[in-house]
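Printed here is work14.cif (mmCIF, C-alpha atoms):
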data_my_file
loop_
_atom_site.label_atom_id
_atom_site.label_comp_id
_atom_site.auth_asym_id
_atom_site.auth_seq_id
_atom_site.Cartn_x
_atom_site.Cartn_y
_atom_site.Cartn_z
CA MET A 30 109.26 10.88 -10.75
CA THR A 31 109.18 8.12 -8.15
CA GLU A 32 112.43 6.30 -7.44
CA VAL A 33 112.29 2.72 -8.70
CA LYS A 34 112.86 0.06 -6.03
CA TYR A 35 113.68 -3.51 -6.95
CA PRO A 36 112.29 -6.13 -7.10
CA CYS A 37 109.31 -4.76 -9.01
CA TYR A 38 106.93 -5.11 -11.93
CA TRP A 39 106.98 -2.59 -14.78
CA GLN A 40 104.05 -2.07 -17.13
CA LYS A 41 105.02 -0.89 -20.60
CA LYS A 42 103.52 -0.53 -24.07
CA ASP A 43 104.70 -2.57 -27.02
CA GLY A 44 105.01 -1.43 -30.63
CA ARG A 45 101.29 -1.99 -31.21
CA GLY A 46 100.35 0.19 -28.23
CA GLN A 47 99.33 -2.77 -26.06
CA TRP A 48 100.33 -3.25 -22.44
CA TYR A 49 102.66 -5.92 -21.03
CA TRP A 50 104.60 -6.35 -17.81
CA ILE A 51 108.19 -7.25 -16.94
CA TYR A 52 109.30 -8.46 -13.52
CA TYR A 53 112.71 -7.22 -12.38
CA ALA A 54 114.72 -9.01 -9.67
CA LYS A 55 116.42 -7.33 -6.73
CA ASN A 56 119.54 -6.80 -8.88
CA ALA A 57 117.41 -4.89 -11.46
CA GLU A 58 117.68 -7.70 -14.03
CA PRO A 59 114.51 -8.69 -15.91
CA ILE A 60 113.55 -12.28 -15.11
CA ALA A 61 109.95 -12.64 -16.32
CA ARG A 62 107.61 -11.11 -18.90
CA SER A 63 103.90 -11.46 -19.48
CA SER A 64 103.13 -14.11 -22.07
CA GLU A 65 100.72 -11.81 -23.86
CA SER A 66 99.97 -8.13 -24.36
CA TYR A 67 96.77 -6.44 -23.26
CA ILE A 68 94.67 -3.77 -24.94
CA HIS A 69 93.63 -2.28 -21.60
CA LYS A 70 96.14 -1.34 -18.90
CA SER A 71 93.67 -2.59 -16.28
CA ASP A 72 93.88 -6.10 -17.79
CA CYS A 73 97.67 -5.95 -17.57
CA THR A 74 97.42 -4.84 -13.94
CA HIS A 75 95.06 -7.74 -13.25
CA SER A 76 97.61 -10.15 -14.73
CA VAL A 77 100.26 -8.79 -12.34
CA SER A 78 97.81 -9.31 -9.45
CA LEU A 79 97.35 -12.93 -10.47
CA MET A 80 101.11 -13.45 -10.49
CA LYS A 81 101.53 -11.83 -7.08
CA GLY A 82 98.73 -14.01 -5.69
CA SER A 83 100.27 -17.25 -6.92
CA THR A 84 103.07 -17.44 -4.36
CA GLY A 85 101.41 -20.33 -2.51
CA ASP A 86 100.75 -22.40 -5.64
CA PRO A 87 102.60 -25.72 -5.99
CA LEU A 88 105.71 -26.14 -8.11
CA PHE A 89 106.01 -29.20 -10.35
CA SER A 90 109.05 -30.61 -12.13
CA GLU A 91 109.69 -33.43 -14.60
#
Spit out the file's structure as structure tokens when you get a sec.
Amino acid sequence: MTEVKYPCYWQKKDGRGQWYWIYYAKNAEPIARSSESYIHKSDCTHSVSLMKGSTGDPLFSE
């Protein structure tokens, strides 16, 4: 098995057998989770790609 290196995303299955992701920080603590589960693992992977690609998006506050 590959050694896990943090920070990283993990893809897992929920109780219904659907895929979701969790993002773990450098200290191995979970700090984000997908807002939905996906039937297909490829859709979950695509969601992770969208998150990774959003680093240049603006941040708004109230």
- request: Evaluate the PyMOL selection byres ((chain A and resi 42) around 12) on the structure here and hand back the selected residues as a ChimeraX atom specification.
  value: /A:39-41,43-51,63,65-70,73
Next on the checklist: Measuring between all atoms listed in the file, which one of A:Ala61, A:Tyr38, A:Phe89, A:Ala54 shows the shortest distance to Val77 of chain A?
Outcome noted: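 Nearest candidate to Val77 of chain A out of A:Ala61, A:Tyr38, A:Phe89, A:Ala54: A:Tyr38.
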request  = For segment 34-37 of chain A, work out the shell of residues within 10 Å, counting all atoms listed in the file and skipping chain neighbours fewer than 2 positions away, then give it as a list in words.
outcome  =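 Here the answer would be Thr31, Glu32, Trp39, Ile51, Tyr52, Tyr53, Ala54, Lys55, Asn56, Ala57, Glu58 and Pro59 of chain A.
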Taken to one decimal, the atom CA of Gly85 of chain A-atom CA of Val33 of chain A distance is 26.2 Å
Please rebuild segment 38-74 of chain A with N, CA and C atoms and give the result as a PDB file, keeping the file's coordinate frame.
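Result file selection.pdb:
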ATOM      1  N   TYR A  38     107.549  -4.900 -10.623  1.00  0.00           N
ATOM      2  CA  TYR A  38     106.930  -5.110 -11.930  1.00  0.00           C
ATOM      3  C   TYR A  38     106.886  -3.763 -12.642  1.00  0.00           C
ATOM      4  N   TRP A  39     107.129  -3.784 -13.930  1.00  0.00           N
ATOM      5  CA  TRP A  39     106.980  -2.590 -14.780  1.00  0.00           C
ATOM      6  C   TRP A  39     105.913  -2.899 -15.817  1.00  0.00           C
ATOM      7  N   GLN A  40     105.018  -1.964 -16.039  1.00  0.00           N
ATOM      8  CA  GLN A  40     104.050  -2.070 -17.130  1.00  0.00           C
ATOM      9  C   GLN A  40     104.511  -1.132 -18.238  1.00  0.00           C
ATOM     10  N   LYS A  41     104.544  -1.667 -19.453  1.00  0.00           N
ATOM     11  CA  LYS A  41     105.020  -0.890 -20.600  1.00  0.00           C
ATOM     12  C   LYS A  41     104.107  -1.147 -21.785  1.00  0.00           C
ATOM     13  N   LYS A  42     104.262  -0.324 -22.826  1.00  0.00           N
ATOM     14  CA  LYS A  42     103.520  -0.530 -24.070  1.00  0.00           C
ATOM     15  C   LYS A  42     104.447  -1.083 -25.132  1.00  0.00           C
ATOM     16  N   ASP A  43     103.920  -2.012 -25.923  1.00  0.00           N
ATOM     17  CA  ASP A  43     104.700  -2.570 -27.020  1.00  0.00           C
ATOM     18  C   ASP A  43     104.518  -1.722 -28.280  1.00  0.00           C
ATOM     19  N   GLY A  44     105.070  -2.166 -29.385  1.00  0.00           N
ATOM     20  CA  GLY A  44     105.010  -1.430 -30.630  1.00  0.00           C
ATOM     21  C   GLY A  44     103.604  -1.246 -31.192  1.00  0.00           C
ATOM     22  N   ARG A  45     102.687  -2.099 -30.763  1.00  0.00           N
ATOM     23  CA  ARG A  45     101.290  -1.990 -31.210  1.00  0.00           C
ATOM     24  C   ARG A  45     100.441  -1.148 -30.250  1.00  0.00           C
ATOM     25  N   GLY A  46     101.078  -0.630 -29.198  1.00  0.00           N
ATOM     26  CA  GLY A  46     100.350   0.190 -28.230  1.00  0.00           C
ATOM     27  C   GLY A  46      99.622  -0.625 -27.180  1.00  0.00           C
ATOM     28  N   GLN A  47      99.959  -1.918 -27.065  1.00  0.00           N
ATOM     29  CA  GLN A  47      99.330  -2.770 -26.060  1.00  0.00           C
ATOM     30  C   GLN A  47     100.236  -2.909 -24.842  1.00  0.00           C
ATOM     31  N   TRP A  48      99.620  -3.187 -23.709  1.00  0.00           N
ATOM     32  CA  TRP A  48     100.330  -3.250 -22.440  1.00  0.00           C
ATOM     33  C   TRP A  48     100.891  -4.638 -22.160  1.00  0.00           C
ATOM     34  N   TYR A  49     102.069  -4.689 -21.527  1.00  0.00           N
ATOM     35  CA  TYR A  49     102.660  -5.920 -21.030  1.00  0.00           C
ATOM     36  C   TYR A  49     103.435  -5.580 -19.764  1.00  0.00           C
ATOM     37  N   TRP A  50     103.814  -6.597 -19.011  1.00  0.00           N
ATOM     38  CA  TRP A  50     104.600  -6.350 -17.810  1.00  0.00           C
ATOM     39  C   TRP A  50     105.916  -7.112 -17.868  1.00  0.00           C
ATOM     40  N   ILE A  51     106.903  -6.586 -17.143  1.00  0.00           N
ATOM     41  CA  ILE A  51     108.190  -7.250 -16.940  1.00  0.00           C
ATOM     42  C   ILE A  51     108.461  -7.240 -15.438  1.00  0.00           C
ATOM     43  N   TYR A  52     108.919  -8.380 -14.927  1.00  0.00           N
ATOM     44  CA  TYR A  52     109.300  -8.460 -13.520  1.00  0.00           C
ATOM     45  C   TYR A  52     110.822  -8.356 -13.432  1.00  0.00           C
ATOM     46  N   TYR A  53     111.287  -7.439 -12.595  1.00  0.00           N
ATOM     47  CA  TYR A  53     112.710  -7.220 -12.380  1.00  0.00           C
ATOM     48  C   TYR A  53     113.101  -7.732 -10.991  1.00  0.00           C
ATOM     49  N   ALA A  54     114.210  -8.466 -10.929  1.00  0.00           N
ATOM     50  CA  ALA A  54     114.720  -9.010  -9.670  1.00  0.00           C
ATOM     51  C   ALA A  54     115.370  -7.906  -8.837  1.00  0.00           C
ATOM     52  N   LYS A  55     115.801  -8.283  -7.658  1.00  0.00           N
ATOM     53  CA  LYS A  55     116.420  -7.330  -6.730  1.00  0.00           C
ATOM     54  C   LYS A  55     117.652  -6.662  -7.335  1.00  0.00           C
ATOM     55  N   ASN A  56     118.345  -7.362  -8.237  1.00  0.00           N
ATOM     56  CA  ASN A  56     119.540  -6.800  -8.880  1.00  0.00           C
ATOM     57  C   ASN A  56     119.197  -5.995 -10.133  1.00  0.00           C
ATOM     58  N   ALA A  57     117.922  -5.694 -10.342  1.00  0.00           N
ATOM     59  CA  ALA A  57     117.410  -4.890 -11.460  1.00  0.00           C
ATOM     60  C   ALA A  57     117.460  -5.606 -12.804  1.00  0.00           C
ATOM     61  N   GLU A  58     117.670  -6.923 -12.792  1.00  0.00           N
ATOM     62  CA  GLU A  58     117.680  -7.700 -14.030  1.00  0.00           C
ATOM     63  C   GLU A  58     116.264  -8.218 -14.319  1.00  0.00           C
ATOM     64  N   PRO A  59     115.830  -8.148 -15.569  1.00  0.00           N
ATOM     65  CA  PRO A  59     114.510  -8.690 -15.910  1.00  0.00           C
ATOM     66  C   PRO A  59     114.545 -10.215 -15.872  1.00  0.00           C
ATOM     67  N   ILE A  60     113.559 -10.823 -15.192  1.00  0.00           N
ATOM     68  CA  ILE A  60     113.550 -12.280 -15.110  1.00  0.00           C
ATOM     69  C   ILE A  60     112.237 -12.903 -15.577  1.00  0.00           C
ATOM     70  N   ALA A  61     111.214 -12.100 -15.820  1.00  0.00           N
ATOM     71  CA  ALA A  61     109.950 -12.640 -16.320  1.00  0.00           C
ATOM     72  C   ALA A  61     109.208 -11.551 -17.101  1.00  0.00           C
ATOM     73  N   ARG A  62     108.414 -12.014 -18.075  1.00  0.00           N
ATOM     74  CA  ARG A  62     107.610 -11.110 -18.900  1.00  0.00           C
ATOM     75  C   ARG A  62     106.250 -11.742 -19.115  1.00  0.00           C
ATOM     76  N   SER A  63     105.225 -10.915 -19.213  1.00  0.00           N
ATOM     77  CA  SER A  63     103.900 -11.460 -19.480  1.00  0.00           C
ATOM     78  C   SER A  63     103.915 -12.216 -20.799  1.00  0.00           C
ATOM     79  N   SER A  64     103.138 -13.272 -20.866  1.00  0.00           N
ATOM     80  CA  SER A  64     103.130 -14.110 -22.070  1.00  0.00           C
ATOM     81  C   SER A  64     102.259 -13.528 -23.174  1.00  0.00           C
ATOM     82  N   GLU A  65     101.543 -12.486 -22.864  1.00  0.00           N
ATOM     83  CA  GLU A  65     100.720 -11.810 -23.860  1.00  0.00           C
ATOM     84  C   GLU A  65     100.679 -10.326 -23.578  1.00  0.00           C
ATOM     85  N   SER A  66     100.178  -9.565 -24.535  1.00  0.00           N
ATOM     86  CA  SER A  66      99.970  -8.130 -24.360  1.00  0.00           C
ATOM     87  C   SER A  66      98.484  -7.871 -24.194  1.00  0.00           C
ATOM     88  N   TYR A  67      98.155  -6.762 -23.595  1.00  0.00           N
ATOM     89  CA  TYR A  67      96.770  -6.440 -23.260  1.00  0.00           C
ATOM     90  C   TYR A  67      96.381  -5.091 -23.858  1.00  0.00           C
ATOM     91  N   ILE A  68      95.178  -5.021 -24.381  1.00  0.00           N
ATOM     92  CA  ILE A  68      94.670  -3.770 -24.940  1.00  0.00           C
ATOM     93  C   ILE A  68      94.482  -2.741 -23.839  1.00  0.00           C
ATOM     94  N   HIS A  69      93.933  -3.190 -22.721  1.00  0.00           N
ATOM     95  CA  HIS A  69      93.630  -2.280 -21.600  1.00  0.00           C
ATOM     96  C   HIS A  69      94.684  -2.426 -20.504  1.00  0.00           C
ATOM     97  N   LYS A  70      95.157  -1.314 -19.989  1.00  0.00           N
ATOM     98  CA  LYS A  70      96.140  -1.340 -18.900  1.00  0.00           C
ATOM     99  C   LYS A  70      95.580  -2.063 -17.678  1.00  0.00           C
ATOM    100  N   SER A  71      94.287  -1.932 -17.432  1.00  0.00           N
ATOM    101  CA  SER A  71      93.670  -2.590 -16.280  1.00  0.00           C
ATOM    102  C   SER A  71      93.782  -4.122 -16.388  1.00  0.00           C
ATOM    103  N   ASP A  72      93.720  -4.660 -17.602  1.00  0.00           N
ATOM    104  CA  ASP A  72      93.880  -6.100 -17.790  1.00  0.00           C
ATOM    105  C   ASP A  72      95.321  -6.527 -17.503  1.00  0.00           C
ATOM    106  N   CYS A  73      96.263  -5.692 -17.875  1.00  0.00           N
ATOM    107  CA  CYS A  73      97.670  -5.950 -17.570  1.00  0.00           C
ATOM    108  C   CYS A  73      97.887  -5.926 -16.058  1.00  0.00           C
ATOM    109  N   THR A  74      97.314  -4.952 -15.394  1.00  0.00           N
ATOM    110  CA  THR A  74      97.420  -4.840 -13.940  1.00  0.00           C
ATOM    111  C   THR A  74      96.814  -6.062 -13.266  1.00  0.00           C
TER     112      THR A  74
END
